[in-house]
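Colleague: Dropping in coords35.cif, with mmCIF, C-alpha atoms and all ligand atoms.
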data_work
loop_
_atom_site.group_PDB
_atom_site.id
_atom_site.type_symbol
_atom_site.label_atom_id
_atom_site.label_comp_id
_atom_site.auth_asym_id
_atom_site.auth_seq_id
_atom_site.Cartn_x
_atom_site.Cartn_y
_atom_site.Cartn_z
ATOM 1 C CA MET A 950 6.176 -15.688 -14.004
ATOM 2 C CA MET A 951 3.324 -14.689 -11.692
ATOM 3 C CA ARG A 952 4.259 -12.635 -8.637
ATOM 4 C CA ALA A 953 1.857 -12.759 -5.659
ATOM 5 C CA ASP A 954 2.610 -10.992 -2.354
ATOM 6 C CA LEU A 955 0.071 -12.418 0.105
ATOM 7 C CA HIS A 956 0.877 -10.389 3.238
ATOM 8 C CA VAL A 957 0.610 -6.591 3.065
ATOM 9 C CA HIS A 958 -0.578 -3.852 5.456
ATOM 10 C CA SER A 959 -2.030 -0.395 4.805
ATOM 11 C CA SER A 960 -3.045 2.549 6.964
ATOM 12 C CA ALA A 961 -6.348 0.721 7.557
ATOM 13 C CA SER A 962 -4.323 -0.964 10.320
ATOM 14 C CA ASP A 963 -0.708 -0.175 11.175
ATOM 15 C CA GLY A 964 0.859 0.370 7.757
ATOM 16 C CA THR A 965 1.912 3.889 6.802
ATOM 17 C CA ASP A 966 0.431 4.075 3.279
ATOM 18 C CA PRO A 967 -3.277 4.359 2.365
ATOM 19 C CA PRO A 968 -4.677 1.279 0.555
ATOM 20 C CA ALA A 969 -4.715 3.053 -2.838
ATOM 21 C CA GLU A 970 -1.026 3.951 -2.516
ATOM 22 C CA VAL A 971 -0.225 0.351 -1.546
ATOM 23 C CA MET A 972 -1.831 -0.853 -4.793
ATOM 24 C CA ARG A 973 0.037 1.742 -6.871
ATOM 25 C CA ARG A 974 3.309 0.654 -5.264
ATOM 26 C CA ALA A 975 2.374 -2.972 -5.984
ATOM 27 C CA ALA A 976 1.948 -2.143 -9.684
ATOM 28 C CA ARG A 977 5.310 -0.354 -9.735
ATOM 29 C CA ALA A 978 6.893 -3.366 -8.020
ATOM 30 C CA GLY A 979 5.612 -5.561 -10.864
ATOM 31 C CA LEU A 980 3.284 -7.625 -8.695
ATOM 32 C CA ASP A 981 0.355 -9.503 -10.260
ATOM 33 C CA VAL A 982 -1.499 -10.252 -7.025
ATOM 34 C CA VAL A 983 -1.544 -8.459 -3.671
ATOM 35 C CA ALA A 984 -3.403 -9.634 -0.604
ATOM 36 C CA LEU A 985 -4.273 -6.695 1.631
ATOM 37 C CA THR A 986 -4.072 -8.281 5.088
ATOM 38 C CA ASP A 987 -4.612 -5.525 7.633
ATOM 39 C CA HIS A 988 -4.901 -6.515 11.279
ATOM 40 C CA ASP A 989 -8.464 -7.504 12.193
ATOM 41 C CA THR A 990 -10.111 -5.309 9.570
ATOM 42 C CA VAL A 991 -11.220 -5.345 5.941
ATOM 43 C CA ALA A 992 -11.843 -1.577 5.940
ATOM 44 C CA GLY A 993 -9.110 -0.966 3.363
ATOM 45 C CA HIS A 994 -10.523 -3.314 0.714
ATOM 46 C CA PRO A 995 -12.900 -0.941 -1.154
ATOM 47 C CA GLU A 996 -10.213 1.723 -1.609
ATOM 48 C CA ALA A 997 -7.633 -0.898 -2.614
ATOM 49 C CA ARG A 998 -10.005 -2.524 -5.086
ATOM 50 C CA ALA A 999 -10.808 0.820 -6.722
ATOM 51 C CA ALA A 1000 -7.093 1.564 -7.127
ATOM 52 C CA ALA A 1001 -5.994 -1.964 -8.078
ATOM 53 C CA GLY A 1002 -5.245 -1.095 -11.715
ATOM 54 C CA PRO A 1003 -3.407 -4.010 -13.302
ATOM 55 C CA VAL A 1004 -2.947 -5.763 -9.940
ATOM 56 C CA THR A 1005 -5.367 -8.405 -8.664
ATOM 57 C CA LEU A 1006 -6.508 -7.719 -5.114
ATOM 58 C CA LEU A 1007 -6.867 -10.845 -3.016
ATOM 59 C CA PRO A 1008 -9.094 -9.775 -0.098
ATOM 60 C CA GLY A 1009 -7.536 -10.788 3.198
ATOM 61 C CA MET A 1010 -6.934 -9.972 6.840
ATOM 62 C CA GLU A 1011 -4.442 -10.844 9.580
ATOM 63 C CA LEU A 1012 -6.338 -12.100 12.601
ATOM 64 C CA SER A 1013 -4.956 -11.598 16.118
ATOM 65 C CA CYS A 1014 -4.933 -14.944 17.897
ATOM 66 C CA ARG A 1015 -3.364 -16.361 21.028
ATOM 67 C CA LEU A 1016 -2.043 -19.889 21.353
ATOM 68 C CA ASP A 1017 -0.823 -21.156 24.740
ATOM 69 C CA ASN A 1018 -0.272 -17.574 25.932
ATOM 70 C CA ARG A 1019 1.671 -16.502 22.868
ATOM 71 C CA SER A 1020 0.499 -14.055 20.271
ATOM 72 C CA THR A 1021 -0.166 -15.894 17.002
ATOM 73 C CA HIS A 1022 -1.217 -14.369 13.700
ATOM 74 C CA LEU A 1023 -3.509 -16.011 11.202
ATOM 75 C CA LEU A 1024 -3.818 -14.818 7.609
ATOM 76 C CA ALA A 1025 -7.327 -15.266 6.225
ATOM 77 C CA TYR A 1026 -8.314 -14.931 2.576
ATOM 78 C CA LEU A 1027 -11.497 -14.860 0.514
ATOM 79 C CA PHE A 1028 -13.899 -15.017 3.465
ATOM 80 C CA ASP A 1029 -17.204 -13.159 3.749
ATOM 81 C CA PRO A 1030 -16.558 -10.522 6.460
ATOM 82 C CA ASP A 1031 -20.296 -10.148 7.052
ATOM 83 C CA GLN A 1032 -20.742 -13.772 8.062
ATOM 84 C CA PRO A 1033 -22.254 -13.291 11.573
ATOM 85 C CA GLY A 1034 -19.863 -15.477 13.586
ATOM 86 C CA LEU A 1035 -16.751 -13.903 12.101
ATOM 87 C CA ALA A 1036 -18.190 -10.366 12.133
ATOM 88 C CA ALA A 1037 -18.992 -10.622 15.857
ATOM 89 C CA GLU A 1038 -15.437 -11.703 16.675
ATOM 90 C CA LEU A 1039 -13.966 -8.914 14.558
ATOM 91 C CA ALA A 1040 -16.088 -6.336 16.372
ATOM 92 C CA ARG A 1041 -14.975 -7.750 19.720
ATOM 93 C CA ILE A 1042 -11.284 -7.643 18.733
ATOM 94 C CA ARG A 1043 -11.586 -4.054 17.496
ATOM 95 C CA ASP A 1044 -13.442 -2.823 20.593
ATOM 96 C CA ASP A 1045 -10.827 -4.440 22.771
ATOM 97 C CA ARG A 1046 -8.001 -2.833 20.801
ATOM 98 C CA VAL A 1047 -9.266 0.575 21.930
ATOM 99 C CA LEU A 1048 -9.487 -0.485 25.588
ATOM 100 C CA ARG A 1049 -6.018 -1.949 25.357
ATOM 101 C CA ALA A 1050 -4.474 1.112 23.705
ATOM 102 C CA ARG A 1051 -6.006 3.301 26.393
ATOM 103 C CA ALA A 1052 -4.533 1.026 29.068
ATOM 104 C CA MET A 1053 -1.077 1.397 27.507
ATOM 105 C CA VAL A 1054 -1.396 5.188 27.354
ATOM 106 C CA ASP A 1055 -2.285 5.142 31.078
ATOM 107 C CA LYS A 1056 0.719 2.965 31.892
ATOM 108 C CA LEU A 1057 2.990 5.267 29.885
ATOM 109 C CA ALA A 1058 1.655 8.253 31.842
ATOM 110 C CA ASP A 1059 2.623 6.448 35.053
ATOM 111 C CA LEU A 1060 6.108 6.073 33.585
ATOM 112 C CA GLY A 1061 6.282 9.806 32.900
ATOM 113 C CA VAL A 1062 5.564 9.714 29.152
ATOM 114 C CA ASP A 1063 3.382 12.692 28.392
ATOM 115 C CA ILE A 1064 1.010 11.529 25.659
ATOM 116 C CA SER A 1065 -2.792 11.592 25.678
ATOM 117 C CA TRP A 1066 -5.391 9.226 24.331
ATOM 118 C CA ASP A 1067 -6.653 12.031 22.057
ATOM 119 C CA GLN A 1068 -3.225 12.305 20.413
ATOM 120 C CA VAL A 1069 -3.072 8.565 19.799
ATOM 121 C CA ALA A 1070 -6.628 8.514 18.423
ATOM 122 C CA ALA A 1071 -5.817 11.438 16.116
ATOM 123 C CA ILE A 1072 -2.747 9.626 14.771
ATOM 124 C CA ALA A 1073 -4.753 6.436 14.194
ATOM 125 C CA GLY A 1074 -7.538 8.339 12.421
ATOM 126 C CA GLN A 1075 -9.877 5.831 10.774
ATOM 127 C CA ALA A 1076 -7.405 2.973 11.260
ATOM 128 C CA VAL A 1077 -7.722 0.188 13.798
ATOM 129 C CA VAL A 1078 -5.695 1.627 16.675
ATOM 130 C CA GLY A 1079 -2.506 -0.253 17.509
ATOM 131 C CA ARG A 1080 0.889 0.042 19.111
ATOM 132 C CA PRO A 1081 2.515 1.811 16.121
ATOM 133 C CA HIS A 1082 0.146 4.742 16.693
ATOM 134 C CA ILE A 1083 1.182 4.920 20.347
ATOM 135 C CA ALA A 1084 4.822 4.681 19.263
ATOM 136 C CA ARG A 1085 4.372 7.646 16.929
ATOM 137 C CA ALA A 1086 2.765 9.700 19.711
ATOM 138 C CA MET A 1087 5.700 8.810 21.978
ATOM 139 C CA ALA A 1088 8.185 9.976 19.360
ATOM 140 C CA ALA A 1089 6.208 13.176 18.759
ATOM 141 C CA SER A 1090 6.307 13.904 22.513
ATOM 142 C CA GLY A 1091 10.098 13.521 22.542
ATOM 143 C CA ALA A 1092 10.018 10.567 24.957
ATOM 144 C CA ILE A 1093 11.871 8.486 22.355
ATOM 145 C CA ALA A 1094 13.853 9.468 19.254
ATOM 146 C CA SER A 1095 11.917 7.316 16.765
ATOM 147 C CA PRO A 1096 8.774 5.126 16.842
ATOM 148 C CA ARG A 1097 10.928 2.020 16.496
ATOM 149 C CA GLU A 1098 12.371 2.619 19.987
ATOM 150 C CA ALA A 1099 8.946 2.066 21.563
ATOM 151 C CA PHE A 1100 9.139 -1.646 20.778
ATOM 152 C CA THR A 1101 11.448 -2.633 23.623
ATOM 153 C CA ARG A 1102 10.753 -4.154 27.031
ATOM 154 C CA ASP A 1103 11.208 -0.655 28.468
ATOM 155 C CA TRP A 1104 8.037 0.447 26.701
ATOM 156 C CA ILE A 1105 5.360 -1.369 24.707
ATOM 157 C CA ALA A 1106 6.982 -4.522 23.318
ATOM 158 C CA ASP A 1107 5.239 -7.753 24.356
ATOM 159 C CA GLY A 1108 5.680 -7.992 28.122
ATOM 160 C CA GLY A 1109 7.109 -4.469 28.312
ATOM 161 C CA ARG A 1110 6.572 -2.079 31.225
ATOM 162 C CA ALA A 1111 3.685 -0.295 29.498
ATOM 163 C CA TYR A 1112 2.345 -3.282 27.552
ATOM 164 C CA ALA A 1113 -1.282 -4.317 27.937
ATOM 165 C CA ASP A 1114 -2.627 -7.654 26.813
ATOM 166 C CA ARG A 1115 -5.717 -7.915 24.655
ATOM 167 C CA TYR A 1116 -8.527 -10.176 23.650
ATOM 168 C CA ALA A 1117 -7.424 -12.610 20.968
ATOM 169 C CA LEU A 1118 -8.975 -15.598 19.295
ATOM 170 C CA ASP A 1119 -7.990 -19.196 19.715
ATOM 171 C CA PRO A 1120 -6.467 -19.981 16.304
ATOM 172 C CA ALA A 1121 -8.283 -23.313 15.866
ATOM 173 C CA ARG A 1122 -11.560 -21.490 16.475
ATOM 174 C CA ALA A 1123 -10.508 -18.707 14.105
ATOM 175 C CA ILE A 1124 -9.743 -21.277 11.382
ATOM 176 C CA GLY A 1125 -13.264 -22.648 11.835
ATOM 177 C CA LEU A 1126 -14.825 -19.172 11.623
ATOM 178 C CA VAL A 1127 -12.870 -18.303 8.476
ATOM 179 C CA GLY A 1128 -13.884 -21.602 6.880
ATOM 180 C CA ALA A 1129 -17.528 -21.087 7.826
ATOM 181 C CA ALA A 1130 -17.288 -17.685 6.135
ATOM 182 C CA GLY A 1131 -16.084 -19.339 2.938
ATOM 183 C CA GLY A 1132 -12.380 -18.496 3.292
ATOM 184 C CA VAL A 1133 -9.023 -20.150 3.846
ATOM 185 C CA ALA A 1134 -6.555 -19.628 6.710
ATOM 186 C CA VAL A 1135 -2.755 -19.562 6.620
ATOM 187 C CA LEU A 1136 -0.553 -19.450 9.717
ATOM 188 C CA ALA A 1137 1.488 -16.213 9.522
ATOM 189 C CA HIS A 1138 5.254 -16.166 10.187
ATOM 190 C CA PRO A 1139 5.328 -19.120 12.640
ATOM 191 C CA ARG A 1140 9.133 -18.843 13.037
ATOM 192 C CA ALA A 1141 9.740 -15.103 12.798
ATOM 193 C CA GLY A 1142 10.592 -14.546 16.448
ATOM 194 C CA ARG A 1143 10.730 -16.010 19.910
ATOM 195 C CA ASP A 1144 7.572 -14.213 21.059
ATOM 196 C CA THR A 1145 5.437 -15.641 18.270
ATOM 197 C CA TRP A 1146 7.079 -19.049 17.808
ATOM 198 C CA VAL A 1147 4.707 -21.869 16.854
ATOM 199 C CA THR A 1148 6.002 -25.407 17.407
ATOM 200 C CA ASP A 1149 5.719 -28.345 15.003
ATOM 201 C CA VAL A 1150 3.190 -29.997 17.318
ATOM 202 C CA GLN A 1151 1.056 -26.848 17.477
ATOM 203 C CA ILE A 1152 1.169 -26.528 13.681
ATOM 204 C CA ALA A 1153 0.066 -30.152 13.303
ATOM 205 C CA ARG A 1154 -2.899 -29.464 15.585
ATOM 206 C CA LEU A 1155 -3.882 -26.417 13.539
ATOM 207 C CA ALA A 1156 -3.591 -28.467 10.354
ATOM 208 C CA ALA A 1157 -6.028 -30.949 11.875
ATOM 209 C CA ALA A 1158 -8.344 -28.002 12.646
ATOM 210 C CA GLY A 1159 -8.491 -27.083 8.957
ATOM 211 C CA LEU A 1160 -5.492 -24.802 8.392
ATOM 212 C CA ALA A 1161 -4.822 -24.463 4.655
ATOM 213 C CA GLY A 1162 -1.300 -23.079 4.592
ATOM 214 C CA LEU A 1163 1.911 -22.028 6.299
ATOM 215 C CA GLU A 1164 3.675 -18.743 5.621
ATOM 216 C CA VAL A 1165 7.141 -20.001 4.781
ATOM 217 C CA PHE A 1166 8.609 -17.081 2.822
ATOM 218 C CA HIS A 1167 8.684 -14.160 5.259
ATOM 219 C CA PRO A 1168 11.506 -11.611 5.700
ATOM 220 C CA ASP A 1169 11.997 -12.489 9.379
ATOM 221 C CA GLN A 1170 12.352 -16.258 8.848
ATOM 222 C CA SER A 1171 15.822 -17.752 8.370
ATOM 223 C CA ASP A 1172 16.731 -20.131 5.559
ATOM 224 C CA ALA A 1173 16.989 -22.943 8.098
ATOM 225 C CA GLU A 1174 13.478 -22.263 9.405
ATOM 226 C CA ARG A 1175 12.114 -21.975 5.863
ATOM 227 C CA ALA A 1176 13.516 -25.404 5.051
ATOM 228 C CA ARG A 1177 12.003 -26.812 8.239
ATOM 229 C CA LEU A 1178 8.611 -25.223 7.485
ATOM 230 C CA LEU A 1179 8.662 -26.437 3.870
ATOM 231 C CA ALA A 1180 9.162 -30.009 5.069
ATOM 232 C CA LEU A 1181 6.388 -29.580 7.619
ATOM 233 C CA ALA A 1182 4.035 -28.123 4.995
ATOM 234 C CA HIS A 1183 4.752 -31.114 2.781
ATOM 235 C CA ASP A 1184 4.127 -33.619 5.598
ATOM 236 C CA LEU A 1185 0.885 -31.952 6.706
ATOM 237 C CA ASP A 1186 -0.415 -31.161 3.191
ATOM 238 C CA LEU A 1187 -0.322 -27.398 3.787
ATOM 239 C CA VAL A 1188 0.286 -24.764 1.096
ATOM 240 C CA ALA A 1189 3.631 -22.957 1.513
ATOM 241 C CA THR A 1190 2.918 -19.249 1.023
ATOM 242 C CA GLY A 1191 5.006 -16.082 1.106
ATOM 243 C CA GLY A 1192 4.575 -12.372 1.615
ATOM 244 C CA SER A 1193 6.525 -9.232 2.434
ATOM 245 C CA ASP A 1194 4.556 -8.180 5.563
ATOM 246 C CA ASP A 1195 5.141 -4.669 4.209
ATOM 247 C CA HIS A 1196 4.047 -1.853 6.553
ATOM 248 C CA GLY A 1197 5.181 1.017 4.298
ATOM 249 C CA SER A 1198 7.958 3.187 5.720
ATOM 250 C CA LEU A 1199 7.755 1.320 9.042
ATOM 251 C CA THR A 1200 9.328 -1.738 7.387
ATOM 252 C CA GLY A 1201 11.370 0.088 4.755
ATOM 253 C CA TYR A 1202 9.071 -0.347 1.710
ATOM 254 C CA ARG A 1203 9.576 -3.986 0.849
ATOM 255 C CA LEU A 1204 6.478 -4.939 -1.185
ATOM 256 C CA GLY A 1205 7.196 -8.054 -3.239
ATOM 257 C CA CYS A 1206 10.450 -8.901 -1.425
ATOM 258 C CA GLU A 1207 8.844 -12.289 -0.682
ATOM 259 C CA ILE A 1208 6.232 -13.946 -2.874
ATOM 260 C CA THR A 1209 4.020 -17.003 -3.064
ATOM 261 C CA PRO A 1210 4.944 -19.363 -5.927
ATOM 262 C CA ALA A 1211 2.275 -19.438 -8.670
ATOM 263 C CA GLU A 1212 1.477 -23.093 -8.104
ATOM 264 C CA ALA A 1213 1.043 -22.563 -4.359
ATOM 265 C CA TYR A 1214 -1.215 -19.580 -5.029
ATOM 266 C CA ARG A 1215 -3.493 -21.682 -7.245
ATOM 267 C CA ASP A 1216 -3.465 -24.480 -4.676
ATOM 268 C CA LEU A 1217 -4.505 -22.037 -1.948
ATOM 269 C CA LEU A 1218 -7.416 -20.704 -4.004
ATOM 270 C CA SER A 1219 -8.571 -24.237 -4.720
ATOM 271 C CA ARG A 1220 -8.869 -24.891 -0.978
ATOM 272 C CA THR A 1221 -11.628 -22.377 -0.303
ATOM 273 C CA PRO A 1222 -14.801 -24.198 0.785
ATOM 274 C CA GLY A 1223 -16.397 -22.879 -2.415
ATOM 275 C CA GLY A 1224 -13.588 -24.399 -4.480
ATOM 276 C CA PRO A 1225 -11.664 -22.773 -7.325
ATOM 277 C CA ALA A 1226 -14.798 -20.909 -8.402
ATOM 278 C CA ALA A 1227 -14.201 -18.423 -5.597
ATOM 279 C CA VAL A 1228 -11.626 -16.426 -7.553
ATOM 280 C CA PRO A 1229 -10.759 -12.935 -6.317
ATOM 281 C CA THR A 1230 -12.052 -9.822 -8.000
ATOM 282 C CA THR A 1231 -9.636 -8.179 -10.367
ATOM 283 C CA GLY A 1232 -9.261 -4.425 -10.463
ATOM 284 C CA PRO A 1233 -10.476 -2.441 -13.464
ATOM 285 C CA PRO A 1234 -8.207 -2.422 -16.523
ATOM 286 C CA ARG A 1235 -5.307 0.010 -16.428
ATOM 287 C CA GLY A 1236 -6.377 3.592 -17.035
ATOM 288 C CA GLN A 1237 -10.006 3.129 -16.051
ATOM 289 C CA SER A 1238 -9.681 3.432 -12.274
HETATM 290 ZN ZN ZN B 1 1.889 -10.718 11.967
HETATM 291 ZN ZN ZN B 2 1.475 -8.714 9.129
#
Transcribe the structure of this file into structure tokens.
Modeller:
Amino acid sequence: MMRADLHVHSSASDGTDPPAEVMRRAARAGLDVVALTDHDTVAGHPEARAAAGPVTLLPGMELSCRLDNRSTHLLAYLFDPDQPGLAAELARIRDDRVLRARAMVDKLADLGVDISWDQVAAIAGQAVVGRPHIARAMAASGAIASPREAFTRDWIADGGRAYADRYALDPARAIGLVGAAGGVAVLAHPRAGRDTWVTDVQIARLAAAGLAGLEVFHPDQSDAERARLLALAHDLDLVATGGSDDHGSLTGYRLGCEITPAEAYRDLLSRTPGGPAAVPTTGPPRGQS
């Protein structure tokens, strides 16, 4: 029985573990395939590939999009990150993430939270800076007891007092860019929460724009919503995928808690513009990495 977790984060974005450690944990969790899907970056792929061991690395990314004023996430797999159209958008998203994080630090200062941009940048290190890094700086300053507490309306949750909006792609456009770069796109956790809810009608529109799959099996989606999404995936000819959305200690180490069925995984691969030939690179045999 093949086990594929197609939604995983590392410290290349807002996960807590370096890519190599993520792959070692994946091996220990008995996974056959892991998609490293850091937010708006593929920077973790080389390290993950080198440490893949017995696990197959499916190169991926979680793209920040906005649909009708709501934050929407799109999982992309097997694309060429150097394709000019996609690369330009990625650079724009990353540059804007810095401006946005700085804006949130400024707002926090106005609210009496004593953290500096330098602290946040130091915590982020080489990673794409994001709200979890700000949350950790807030906890370190004593403003809150733990990073988790930053994600409320009092602080930096969506629409919170110190929240700053950012540049994000239109998902239909993002689907086109991913396809042009030879990859496939899957709508991430469309029913995980009120702030990121995607309606049936919106999903149908994205399917018409070339969406390949729907993330059905996600820890934050109820059984009722999974059933609804499965029916929708069937009606719209979308692949029903699954993943843990593991962020290391931030999400309580849950690699492999949700997986993509083997048949769905093969179906997804077959939908790349290059066809089934575009199989992911496998890590070196055990013991040689
Ligand atoms: Zn997401
Ligand atoms: Zn995610």
Colleague: For this file, the PyMOL selection byres (((chain A and resi 1066-1070) around 7) and not hetatm) selects which residues, as a list in words?
Modeller: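 With the shown file as input, the PyMOL selection byres (((chain A and resi 1066-1070) around 7) and not hetatm) matches Arg1051, Val1054, Ile1064, Ser1065, Ala1071, Ile1072, Ala1073, Gly1074, His1082, Ile1083 and Ala1086 of chain A.
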Colleague: Set the distance at 12 Å and use all atoms listed in the file: which residues neighbour Gln1075 (chain A) once local chain neighbours fewer than 4 positions away are removed? I'd like the list as a PyMOL selection string.
Modeller: chain A and resi 959-963+967+990+992-993+1069-1071+1079+1082
Colleague: Neighbouring residues of Tyr1202 (chain A) were defined as those with any atom within 12 Å, considering all atoms listed in the file; residues of the same chain fewer than 2 positions away were excluded. Please report them as a VMD selection string.
Modeller: chain A and resid 957 to 959 964 to 966 970 to 971 974 to 975 978 1193 to 1200 1204 to 1206
Colleague: Counting all atoms listed in the file, which of A:Arg1122, A:His1022, A:Arg1080, A:Arg1154 gets nearest to Phe1100 (chain A)?
Modeller: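 Among A:Arg1122, A:His1022, A:Arg1080, A:Arg1154, it is A:Arg1080 that comes nearest to Phe1100 (chain A).
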Colleague: Using only C-alpha atoms and all ligand atoms, pick whichever of A:Leu980, A:Leu1035, A:Val1147, A:Leu1012 has the shortest atom-to-atom distance to ligand ZN 2 (chain B).
Modeller: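 That would be A:Leu1012, the residue with the smallest distance to ligand ZN 2 (chain B).
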Colleague: Can you work out which one of A:Glu1174, A:Asp1063, A:Asp1045, A:Asp1216 has the shortest atom-to-atom distance to Ser1090 (chain A), counting all atoms listed in the file?
Modeller: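 Among the listed residues, A:Asp1063 lies closest to Ser1090 (chain A).
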Colleague: Could you tell me how far CA of Ala1123 (chain A) sits from CA of Thr1101 (chain A), in Å to one decimal place?
Modeller: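 CA of Thr1101 (chain A) sits 28.8 Å away from CA of Ala1123 (chain A).
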Colleague: For CA of Arg1049 (chain A) and CA of Asp1103 (chain A), determine how far apart the two atoms are, in Å to one decimal place.
Modeller: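 So the two atoms, CA of Arg1049 (chain A) and CA of Asp1103 (chain A), lie 17.6 Å apart.
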Colleague: Can you work out which one of A:Val982, A:Val1135, A:Ala1182, A:Leu1023 has the shortest atom-to-atom distance to ligand ZN 1 (chain B), counting all atoms listed in the file?
Modeller: A:Leu1023
